[in-house]
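Next comes work.txt, with compact mmCIF, C-alpha atoms.
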# COMPACT_ATOMS: atom_id res chain seq x y z
CA MET P 1 -63.02 189.89 17.25
CA SER P 2 -64.88 187.13 15.48
CA MET P 3 -64.23 187.09 11.77
CA ILE P 4 -66.74 185.82 9.25
CA ASN P 5 -64.86 184.75 6.16
CA TYR P 6 -67.38 184.30 3.36
CA ALA P 7 -64.62 183.36 0.95
CA SER P 8 -63.55 180.30 2.95
CA ARG P 9 -66.96 179.84 4.63
CA GLU P 10 -65.50 180.05 8.12
CA ILE P 11 -66.43 181.74 11.37
CA ASN P 12 -63.24 182.35 13.36
CA CYS P 13 -63.43 183.08 17.07
CA LYS P 14 -60.77 183.61 19.73
CA ILE P 15 -61.02 182.14 23.22
CA VAL P 16 -58.45 182.93 25.90
CA TYR P 17 -57.75 180.76 28.96
CA TYR P 18 -56.69 183.09 31.76
CA GLY P 19 -55.68 182.43 35.36
CA PRO P 20 -52.84 182.21 37.87
CA GLY P 21 -49.56 180.46 37.14
CA LEU P 22 -49.56 176.65 37.37
CA GLY P 23 -53.36 176.65 37.53
CA GLY P 24 -53.85 174.25 34.62
CA LYS P 25 -54.48 176.44 31.56
CA THR P 26 -51.96 174.65 29.38
CA THR P 27 -53.17 171.29 30.72
CA ASN P 28 -56.68 172.17 29.49
CA LEU P 29 -55.34 172.75 25.99
CA GLU P 30 -53.19 169.63 26.08
CA HIS P 31 -56.20 167.53 27.01
CA ILE P 32 -58.27 169.03 24.20
CA TYR P 33 -55.40 168.43 21.78
CA GLY P 34 -55.20 164.79 22.87
CA LYS P 35 -58.92 164.11 22.57
CA VAL P 36 -60.00 166.00 19.45
CA ALA P 37 -59.70 164.09 16.15
CA PRO P 38 -56.56 165.20 14.28
CA ASP P 39 -58.60 166.39 11.28
CA SER P 40 -60.55 168.75 13.55
CA ARG P 41 -57.60 170.47 15.14
CA GLY P 42 -54.30 172.02 14.21
CA LYS P 43 -50.94 171.90 15.92
CA LEU P 44 -50.56 172.84 19.55
CA ILE P 45 -48.06 175.68 19.59
CA SER P 46 -46.38 176.42 22.91
CA LEU P 47 -44.09 179.36 23.47
CA ALA P 48 -42.69 178.12 26.76
CA THR P 49 -39.53 178.43 28.82
CA GLU P 50 -37.07 175.56 29.17
CA THR P 51 -38.94 174.49 32.30
CA GLU P 52 -42.19 174.33 30.31
CA ARG P 53 -43.71 177.41 31.92
CA THR P 54 -45.72 179.40 29.37
CA LEU P 55 -43.61 182.36 28.27
CA PHE P 56 -45.91 184.01 25.75
CA PHE P 57 -48.87 181.75 24.94
CA ASP P 58 -50.08 178.31 23.89
CA PHE P 59 -52.27 178.11 20.84
CA LEU P 60 -54.60 175.42 19.54
CA PRO P 61 -57.06 175.80 16.65
CA VAL P 62 -60.10 173.48 16.80
CA ASP P 63 -63.09 173.06 14.51
CA LEU P 64 -66.24 172.45 16.48
CA GLY P 65 -68.62 171.73 13.60
CA THR P 66 -70.60 173.47 10.90
CA ILE P 67 -73.48 175.91 11.28
CA ARG P 68 -75.39 177.26 8.30
CA GLY P 69 -72.63 175.97 6.05
CA PHE P 70 -69.92 177.84 7.95
CA LYS P 71 -67.10 175.97 9.68
CA THR P 72 -66.86 177.16 13.30
CA ARG P 73 -63.16 177.50 13.98
CA PHE P 74 -62.08 178.36 17.50
CA HIS P 75 -58.61 179.60 18.27
CA LEU P 76 -57.76 178.67 21.85
CA TYR P 77 -55.01 180.60 23.61
CA THR P 78 -53.55 180.46 27.09
CA VAL P 79 -51.69 183.33 28.71
CA PRO P 80 -48.61 183.11 30.92
CA GLY P 81 -49.90 183.08 34.48
CA GLN P 82 -46.91 184.49 36.28
CA VAL P 83 -47.44 188.04 37.48
CA TYR P 84 -44.38 189.52 35.80
CA TYR P 85 -45.47 188.48 32.29
CA ASN P 86 -48.31 190.99 32.21
CA ALA P 87 -47.14 192.73 29.03
CA SER P 88 -47.38 189.56 26.95
CA ARG P 89 -50.54 188.42 28.79
CA LYS P 90 -52.30 191.62 27.79
CA LEU P 91 -51.32 191.21 24.13
CA ILE P 92 -53.09 187.87 23.94
CA LEU P 93 -56.42 189.42 24.97
CA LYS P 94 -56.48 191.56 21.84
CA GLY P 95 -59.55 190.64 19.79
CA VAL P 96 -60.82 188.07 22.31
CA ASP P 97 -64.36 186.70 21.84
CA GLY P 98 -64.64 184.59 24.99
CA VAL P 99 -62.69 184.08 28.21
CA VAL P 100 -62.20 181.05 30.45
CA PHE P 101 -60.77 181.77 33.87
CA VAL P 102 -58.97 178.68 35.16
CA GLY P 103 -58.79 179.03 38.93
CA ASP P 104 -56.61 176.88 41.16
CA SER P 105 -58.82 175.35 43.84
CA GLN P 106 -56.04 174.97 46.40
CA VAL P 107 -56.63 177.11 49.49
CA GLU P 108 -53.06 178.40 49.31
CA ARG P 109 -53.69 179.77 45.82
CA MET P 110 -56.72 181.86 46.71
CA GLU P 111 -54.77 185.10 46.73
CA ALA P 112 -53.09 184.28 43.41
CA ASN P 113 -56.54 183.54 41.93
CA GLN P 114 -57.94 186.85 43.08
CA GLU P 115 -54.92 188.77 41.84
CA SER P 116 -55.24 187.11 38.44
CA MET P 117 -58.99 187.80 38.24
CA GLN P 118 -58.39 191.46 39.04
CA ASN P 119 -55.63 191.55 36.44
CA LEU P 120 -58.04 190.08 33.88
CA TYR P 121 -60.63 192.79 34.57
CA ASP P 122 -57.95 195.48 34.37
CA ASN P 123 -56.40 194.22 31.14
CA MET P 124 -59.80 193.81 29.48
CA ALA P 125 -60.76 197.33 30.54
CA GLU P 126 -57.59 198.71 29.01
CA TYR P 127 -58.77 197.40 25.63
CA GLY P 128 -62.21 198.86 26.31
CA TYR P 129 -63.82 195.40 26.66
CA ASP P 130 -66.39 194.74 29.36
CA LEU P 131 -65.88 191.31 30.91
CA THR P 132 -69.41 191.29 32.28
CA LYS P 133 -70.80 191.50 28.76
CA ILE P 134 -68.73 188.99 26.84
CA PRO P 135 -68.86 185.18 27.02
CA PHE P 136 -67.07 184.33 30.25
CA VAL P 137 -66.80 180.99 32.04
CA VAL P 138 -64.96 180.02 35.23
CA GLN P 139 -63.34 176.64 35.78
CA TYR P 140 -62.27 175.62 39.28
CA ASN P 141 -59.45 173.25 38.57
CA LYS P 142 -57.67 170.69 40.78
CA ARG P 143 -60.87 169.66 42.54
CA ASP P 144 -59.26 166.29 43.29
CA LEU P 145 -56.65 167.74 45.65
CA PRO P 146 -57.15 167.33 49.42
CA ASN P 147 -56.44 171.01 50.01
CA ALA P 148 -59.09 172.18 47.52
CA ALA P 149 -61.20 175.01 48.95
CA PRO P 150 -64.98 174.47 49.19
CA LEU P 151 -66.87 175.57 46.09
CA PRO P 152 -68.94 178.27 47.87
CA ASP P 153 -65.69 179.90 49.09
CA LEU P 154 -64.29 179.95 45.56
CA GLN P 155 -67.53 181.34 44.16
CA ALA P 156 -67.64 184.04 46.82
CA ALA P 157 -64.05 185.06 46.15
CA LEU P 158 -63.87 184.79 42.37
CA ASN P 159 -67.39 184.81 40.97
CA PRO P 160 -69.54 186.82 43.40
CA GLY P 161 -71.56 188.28 40.52
CA TRP P 162 -71.95 191.70 39.02
CA GLU P 163 -74.97 193.90 39.45
CA VAL P 164 -77.69 193.65 36.82
CA MET P 165 -78.92 197.19 36.23
CA ASP P 166 -81.13 196.54 33.20
CA ALA P 167 -84.67 196.12 34.55
CA ALA P 168 -85.57 193.84 31.64
CA ARG P 169 -82.92 191.36 32.77
CA GLN P 170 -83.86 191.44 36.43
CA ARG P 171 -85.47 188.02 36.57
CA SER P 172 -84.16 184.66 37.70
CA MET P 173 -82.25 182.79 35.04
CA PRO P 174 -81.53 179.14 35.84
CA ASN P 175 -77.96 177.94 35.53
CA PRO P 176 -78.13 175.31 32.76
CA TYR P 177 -74.96 173.68 34.03
CA GLN P 178 -75.66 173.47 37.79
CA GLN P 179 -79.00 172.09 38.85
CA GLY P 180 -80.94 174.22 41.31
CA GLU P 181 -78.75 177.27 40.85
CA ASN P 182 -79.34 180.53 39.01
CA LEU P 183 -77.01 182.60 36.86
CA VAL P 184 -79.13 185.70 37.46
CA GLU P 185 -80.81 186.04 40.85
CA GLN P 186 -81.95 188.53 43.45
CA LEU P 187 -79.93 188.71 46.64
CA PRO P 188 -81.62 189.05 50.04
CA THR P 189 -80.50 192.70 49.92
CA GLY P 190 -82.77 193.19 46.90
CA GLU P 191 -79.90 193.62 44.46
CA TRP P 192 -79.95 191.59 41.22
CA VAL P 193 -76.68 189.90 40.31
CA GLU P 194 -75.40 187.76 37.47
CA ARG P 195 -72.60 185.24 37.81
CA ALA P 196 -70.50 183.57 35.15
CA PRO P 197 -71.21 179.87 34.54
CA TYR P 198 -68.68 177.76 36.42
CA PHE P 199 -67.38 174.22 36.20
CA GLU P 200 -65.38 171.98 38.47
CA GLY P 201 -62.36 170.49 36.79
CA VAL P 202 -59.47 168.12 37.09
CA ALA P 203 -57.69 169.14 33.90
CA ILE P 204 -54.95 166.56 34.25
CA SER P 205 -57.50 163.76 33.86
CA GLY P 206 -59.77 165.80 31.58
CA ASP P 207 -62.69 166.23 34.00
CA GLY P 208 -64.63 169.37 33.18
CA VAL P 209 -62.34 170.36 30.32
CA PHE P 210 -64.82 169.80 27.49
CA ASP P 211 -67.77 171.05 29.57
CA THR P 212 -65.90 174.33 29.94
CA LEU P 213 -64.94 174.54 26.28
CA ARG P 214 -68.44 173.68 25.10
CA ALA P 215 -70.00 176.29 27.39
CA VAL P 216 -67.77 179.17 26.33
CA SER P 217 -67.93 178.24 22.62
CA LYS P 218 -71.68 178.07 22.71
CA LEU P 219 -71.90 181.45 24.42
CA VAL P 220 -69.60 182.93 21.76
CA LEU P 221 -71.69 181.57 18.89
CA LYS P 222 -74.90 182.74 20.57
CA THR P 223 -73.57 186.30 20.55
CA LEU P 224 -73.65 186.00 16.75
CA ALA P 225 -77.17 184.55 16.65
CA MET S 1 -66.98 200.99 27.11
CA ALA S 2 -67.19 198.59 24.21
CA VAL S 3 -68.83 195.31 25.07
CA SER S 4 -66.17 193.26 23.32
CA ALA S 5 -64.03 193.26 20.24
CA SER S 6 -66.27 193.87 17.26
CA SER S 7 -66.92 191.29 14.60
CA TRP S 8 -65.96 191.89 11.04
CA SER S 9 -66.73 190.06 7.87
CA PHE S 10 -64.80 189.33 4.75
CA THR S 11 -66.74 188.70 1.57
CA GLU S 12 -65.81 186.90 -1.62
CA ASP S 13 -65.63 190.30 -3.35
CA ASP S 14 -63.19 191.53 -0.69
CA PHE S 15 -61.14 188.40 -1.18
CA ALA S 16 -61.09 188.88 -4.96
CA ALA S 17 -60.06 192.56 -4.68
CA ILE S 18 -57.31 191.85 -2.17
CA SER S 19 -56.08 188.83 -4.10
CA ARG S 20 -55.76 190.93 -7.27
CA SER S 21 -53.63 193.51 -5.44
CA LEU S 22 -51.48 190.84 -3.85
CA GLU S 23 -50.99 188.93 -7.10
CA ARG S 24 -49.83 192.10 -8.82
CA PHE S 25 -47.45 192.76 -5.94
CA LEU S 26 -46.04 189.21 -6.09
CA ALA S 27 -45.48 189.49 -9.83
CA ASP S 28 -43.72 192.88 -9.42
CA SER S 29 -41.59 191.92 -6.44
CA ASN S 30 -40.87 188.29 -7.32
CA ALA S 31 -41.77 187.28 -3.76
CA ARG S 32 -43.17 183.79 -3.22
CA CYS S 33 -46.23 184.25 -1.16
CA ALA S 34 -48.25 186.94 0.62
CA LEU S 35 -50.60 186.47 3.55
CA ILE S 36 -53.01 188.81 5.27
CA VAL S 37 -53.36 188.19 9.00
CA ASP S 38 -55.62 190.13 11.33
CA ARG S 39 -54.29 191.62 14.57
CA ALA S 40 -55.99 188.87 16.57
CA GLY S 41 -53.93 186.25 14.70
CA GLN S 42 -56.52 184.96 12.26
CA LEU S 43 -55.47 184.14 8.74
CA VAL S 44 -57.55 186.18 6.30
CA ALA S 45 -56.05 185.40 2.88
CA THR S 46 -53.10 183.63 1.23
CA VAL S 47 -51.96 184.41 -2.29
CA GLY S 48 -49.09 182.97 -4.35
CA GLU S 49 -47.30 179.69 -3.67
CA GLN S 50 -49.31 177.82 -1.08
CA PRO S 51 -47.22 177.50 2.10
CA ARG S 52 -46.04 173.99 2.93
CA PHE S 53 -46.20 174.72 6.65
CA ASP S 54 -49.12 175.14 9.03
CA ALA S 55 -50.46 178.51 7.86
CA VAL S 56 -52.88 178.89 10.81
CA ALA S 57 -50.08 178.54 13.36
CA PHE S 58 -47.89 180.77 11.23
CA ALA S 59 -50.57 183.49 11.21
CA THR S 60 -50.91 183.36 14.99
CA LEU S 61 -47.19 183.66 15.51
CA THR S 62 -46.82 186.56 13.08
CA ALA S 63 -49.57 188.50 14.87
CA ALA S 64 -47.92 187.82 18.23
CA ASP S 65 -44.54 188.80 16.79
CA PHE S 66 -45.97 192.05 15.47
CA SER S 67 -47.78 192.86 18.72
CA ALA S 68 -44.66 192.18 20.80
CA ASN S 69 -42.63 194.46 18.53
CA ASP S 70 -45.31 197.16 18.84
CA GLN S 71 -44.76 197.12 22.58
CA LEU S 72 -40.99 197.16 22.14
CA ALA S 73 -41.39 200.24 19.95
CA ARG S 74 -43.39 202.00 22.65
CA LEU S 75 -40.82 201.16 25.30
CA ILE S 76 -38.14 202.98 23.32
CA GLY S 77 -40.41 205.95 22.63
CA GLU S 78 -41.65 205.08 19.12
CA THR S 79 -45.35 204.80 18.44
CA GLU S 80 -44.87 201.68 16.33
CA PHE S 81 -42.60 199.78 13.97
CA ARG S 82 -44.44 199.91 10.67
CA SER S 83 -42.57 196.95 9.25
CA LEU S 84 -40.32 194.10 10.32
CA VAL S 85 -37.95 191.82 8.46
CA HIS S 86 -36.69 188.41 9.51
CA ARG S 87 -33.75 187.38 7.33
CA GLY S 88 -32.81 183.77 6.80
CA GLU S 89 -30.12 182.27 4.59
CA GLN S 90 -32.65 181.16 1.97
CA GLU S 91 -36.07 182.27 3.16
CA SER S 92 -37.05 185.61 4.64
CA ILE S 93 -40.18 187.26 5.95
CA PHE S 94 -41.32 190.85 5.56
CA LEU S 95 -44.18 192.07 7.75
CA ALA S 96 -45.96 195.39 7.42
CA ASP S 97 -48.79 197.07 9.27
CA ILE S 98 -51.92 197.84 7.25
CA GLY S 99 -53.81 200.66 8.94
CA ARG S 100 -53.34 199.10 12.41
CA ARG S 101 -55.97 196.56 11.48
CA VAL S 102 -54.24 193.74 9.64
CA ILE S 103 -50.70 192.65 8.81
CA LEU S 104 -49.23 191.97 5.39
CA VAL S 105 -46.80 189.05 5.58
CA VAL S 106 -44.55 188.41 2.60
CA LEU S 107 -42.40 185.31 2.20
CA PHE S 108 -39.49 185.72 -0.19
CA ASP S 109 -36.31 183.90 -1.08
CA THR S 110 -33.10 184.54 -2.99
CA ARG S 111 -34.99 185.12 -6.25
CA THR S 112 -35.52 188.69 -5.08
CA THR S 113 -34.09 191.13 -2.55
CA GLU S 114 -35.36 192.75 0.61
CA GLY S 115 -35.01 196.15 -1.06
CA MET S 116 -37.22 195.11 -3.95
CA VAL S 117 -39.87 193.66 -1.64
CA ARG S 118 -39.87 196.83 0.48
CA LEU S 119 -40.07 199.08 -2.57
CA LYS S 120 -42.96 197.26 -4.18
CA ALA S 121 -44.70 196.81 -0.83
CA LYS S 122 -44.95 200.60 -0.39
CA TRP S 123 -47.52 200.79 -3.17
CA ILE S 124 -49.57 197.84 -2.13
CA ILE S 125 -49.67 198.96 1.51
CA ASP S 126 -51.43 202.20 0.49
CA ASP S 127 -53.78 200.20 -1.67
CA LEU S 128 -54.57 197.68 1.07
CA GLU S 129 -55.01 200.41 3.69
CA ARG S 130 -57.76 201.94 1.57
CA THR S 131 -59.39 198.56 1.00
CA PHE S 132 -59.35 197.58 4.69
CA ALA S 133 -60.45 201.03 5.86
CA ALA S 134 -63.58 200.61 3.72
CA LEU S 135 -64.01 197.02 4.84
CA PHE S 136 -63.79 197.90 8.54
CA GLU S 137 -65.98 200.96 8.04
CA ARG S 138 -68.59 198.54 6.80
CA GLY S 139 -67.68 196.39 9.83
CA HIS S 140 -69.37 198.92 12.12
CA SER S 141 -72.55 197.25 11.04
CA ALA S 142 -70.90 193.83 11.02
CA ARG S 143 -72.80 192.62 14.03
CA ALA S 144 -75.98 193.10 12.09
CA GLU S 145 -74.46 191.19 9.18
CA THR S 146 -73.27 188.30 11.32
CA LYS S 147 -76.67 188.15 12.90
CA GLY S 148 -77.86 187.62 9.35
CA ILE S 149 -75.86 184.40 9.12
CA LEU S 150 -76.63 182.93 12.50
CA ALA S 151 -79.97 184.57 13.22
CA GLY S 152 -82.38 181.90 14.35
CA ALA S 153 -79.59 179.34 14.56
CA GLU S 154 -79.91 178.93 18.34
CA ASP S 155 -81.29 175.40 17.95
CA GLU S 156 -78.52 174.49 15.55
CA ILE S 157 -75.95 175.86 18.00
CA ASP S 158 -77.56 173.87 20.83
CA ARG S 159 -77.43 170.70 18.72
CA LEU S 160 -73.76 171.28 17.92
CA PHE S 161 -72.94 171.13 21.62
CA GLN S 162 -75.18 168.27 22.68
Written as structure tokens, that's how I'd like the structure from this file.
Amino acid sequence: MSMINYASREINCKIVYYGPGLGGKTTNLEHIYGKVAPDSRGKLISLATETERTLFFDFLPVDLGTIRGFKTRFHLYTVPGQVYYNASRKLILKGVDGVVFVGDSQVERMEANQESMQNLYDNMAEYGYDLTKIPFVVQYNKRDLPNAAPLPDLQAALNPGWEVMDAARQRSMPNPYQQGENLVEQLPTGEWVERAPYFEGVAISGDGVFDTLRAVSKLVLKTLA
Amino acid sequence: MAVSASSWSFTEDDFAAISRSLERFLADSNARCALIVDRAGQLVATVGEQPRFDAVAFATLTAADFSANDQLARLIGETEFRSLVHRGEQESIFLADIGRRVILVVLFDTRTTEGMVRLKAKWIIDDLERTFAALFERGHSARAETKGILAGAEDEIDRLFQ
């Protein structure tokens, strides 16, 4: 629920990092916190257990610049990934403007990824939000690990695309982030599908972290333009 | 199905009207500071003594606190807890729902009492509910308004992320 505050000349937007437990959501925020100039970000708040697993959420406010005299302030949240924290995970989605799904590339985590993606769709639907219509970006994290699944397998499992019914949108749209690929394309079956932009990441070293953040933030601001 | 959470805007006139109500409430109740936080955790307004802590983080935590308590209420068969109080030895916090849209957060210390804050808050809550109902009613066309601000700003947005 983006808020335009004319009094303080700010545009406030909420971005939620979603995904399975231990997938790297908090690591994404920690990297952003470490790299953004202190005057452009607030404190990183973590409501975590004693073993540093996210209990409720992590929160980091960042300013990404000024447009038309308005400061663009993004509130970044992570959710707890573990299955049994669904009640608190759902609360964090309230008023969300953009979603990043942080998938764990390890083959062994494929089922956990799919379960989390399904849970994201379900929780969004319970608020009446349509994930296929809001800014949504996928990050495949841990690409450096030897047991990382091939990208096409991850795409097929987690980002197979949703059907594009609107005839006006049934035309190829190049993926600005992956050369030679399309975000909207026609399948050999004749069906038109749209996929979310995706990025490969190694959050622990920062690879792909800012690409992901930039992509989702830009999509959020473009919904206001 | 709604596409996403709707946008809403908050003008300088809104800020002035809400600030006037809050200032009157602070004078009547002798509380230190009042904040308005939206349900998504964004700080909307602060009136009274400026907080010496990180108000943005504070706003996020109060919204999460309120949402978690909403769910607790439902689990025990209540529809909601309209207000919450956190009592400290010196400093305390009173939180109240405003029309299920925003949260009034009041910081008070030993210069007043919880009873006084609650009593005076009753009036301002009605007042603020009316104000925010009108503001969100206008918000139905907020997407058109926000488009007004960023319409044609695609290039500027692209440049921001280069």
Check: Which polymer residues, protein or nucleic acid, are no farther than 8 Å from (-54.5, 175.1, 51.7), counting all atoms listed in the file, as a count of residues only?
Finding: 7
Note to self: Calculated over all atoms listed in the file, which of the candidates P:Arg169, P:Lys35, P:Arg73, P:Lys218 has the smallest distance to chain S?
What the structure shows: P:Lys218
Check: Which residue out of S:Glu89, S:Glu156, S:Asp54, S:Asp127 has the minimum interatomic distance to S:Phe25 when only C-alpha atoms are used?
Finding: S:Asp127
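Counting from atom CA of P:Gln179, the distance to atom CA of P:Arg214 is 17.4 Å.
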Item checked: Contacts of P:Glu115 at 10 Å (only C-alpha atoms; same-chain gap of 3+ positions) as a PyMOL selection string -> chain P and resi 19-20+83+109-112+118-120+158
Near P:Glu200, within 7 Å and counting only C-alpha atoms, which residues show up once chain neighbours fewer than 5 positions away are dropped, as an mmCIF file with C-alpha atoms, in the frame of the given file?
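So the final result, stored in around_22.cif, reads:
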data_model
loop_
_atom_site.group_PDB
_atom_site.id
_atom_site.type_symbol
_atom_site.label_atom_id
_atom_site.label_comp_id
_atom_site.auth_asym_id
_atom_site.auth_seq_id
_atom_site.Cartn_x
_atom_site.Cartn_y
_atom_site.Cartn_z
ATOM 1 C CA GLN P 139 -63.340 176.640 35.780
ATOM 2 C CA TYR P 140 -62.270 175.620 39.280
ATOM 3 C CA ASN P 141 -59.450 173.250 38.570
ATOM 4 C CA ARG P 143 -60.870 169.660 42.540
ATOM 5 C CA GLY P 208 -64.630 169.370 33.180
#
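With all atoms listed in the file as the atoms that count, the minimum distance from S:Val106 to the choices S:Leu72, S:Val44, S:Leu22, S:Ala57 is reached by S:Leu22.
Minimum atom-to-atom distance to P:Lys222, evaluated using all atoms listed in the file, belongs to S:Ala153 out of S:Phe161, S:Thr113, S:Ala153, S:Ser7.
For the atom pair formed by atom CA of S:Gly88 and atom CA of P:Phe56, the distance is 23.0 Å, given to one decimal.
The residue set within 9 Å of P:Pro61, counting all atoms listed in the file and dropping same-chain residues fewer than 2 places from it, reads Ser40, Arg41, Gly42, Lys43, Leu44, Phe59, Asp63, Arg73, Phe74, His75, Leu76 and Tyr77 of chain P; Val56 and Ala57 of chain S.
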Give me, as a CSV table (one decimal) with C-alpha atoms, in the frame of the given file, the residues of chain P touching chain S, with the criterion being at most 7 Å (counting only C-alpha atoms).
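Once everything was written out, this is out_11.csv:
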chain,number,residue,atom,x,y,z
P,1,MET,CA,-63.0,189.9,17.2
P,2,SER,CA,-64.9,187.1,15.5
P,3,MET,CA,-64.2,187.1,11.8
P,4,ILE,CA,-66.7,185.8,9.2
P,5,ASN,CA,-64.9,184.8,6.2
P,6,TYR,CA,-67.4,184.3,3.4
P,7,ALA,CA,-64.6,183.4,1.0
P,65,GLY,CA,-68.6,171.7,13.6
P,67,ILE,CA,-73.5,175.9,11.3
P,91,LEU,CA,-51.3,191.2,24.1
P,94,LYS,CA,-56.5,191.6,21.8
P,95,GLY,CA,-59.6,190.6,19.8
P,96,VAL,CA,-60.8,188.1,22.3
P,97,ASP,CA,-64.4,186.7,21.8
P,128,GLY,CA,-62.2,198.9,26.3
P,129,TYR,CA,-63.8,195.4,26.7
P,130,ASP,CA,-66.4,194.7,29.4
P,133,LYS,CA,-70.8,191.5,28.8
P,134,ILE,CA,-68.7,189.0,26.8
P,214,ARG,CA,-68.4,173.7,25.1
P,218,LYS,CA,-71.7,178.1,22.7
P,222,LYS,CA,-74.9,182.7,20.6
P,224,LEU,CA,-73.6,186.0,16.8
P,225,ALA,CA,-77.2,184.6,16.6
Checklist line | Selection as a PyMOL selection string: residues within 12 Å of (-46.1, 200.5, -3.3), counting all atoms listed in the file | finding: chain S and resi 21-22+24-26+28-29+96+116-129
Let me have the centre and edge lengths of the axis-aligned box enclosing all listed atoms of stretch 39-42 of chain S with 8 Å padding on every side, in Å to one decimal, as JSON.
{"center_x": -55.2, "center_y": 188.3, "center_z": 14.4, "size_x": 18.6, "size_y": 22.7, "size_z": 20.3}
Next item on the list: Check the smallest atom-to-atom distance from each of P:Val202, P:Ala37, P:Ile92, P:Ala157 to P:Phe57 using all atoms listed in the file, then report the winner.
Entry: P:Ile92
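When only C-alpha atoms are used to compute distances to S:Phe108, the closest of the residues S:Phe94, S:Ala31, S:Gln50, S:Arg87 turns out to be S:Ala31.
Relative to atom CA of P:Thr223, atom CA of S:Ala59 is found at 25.0 Å.
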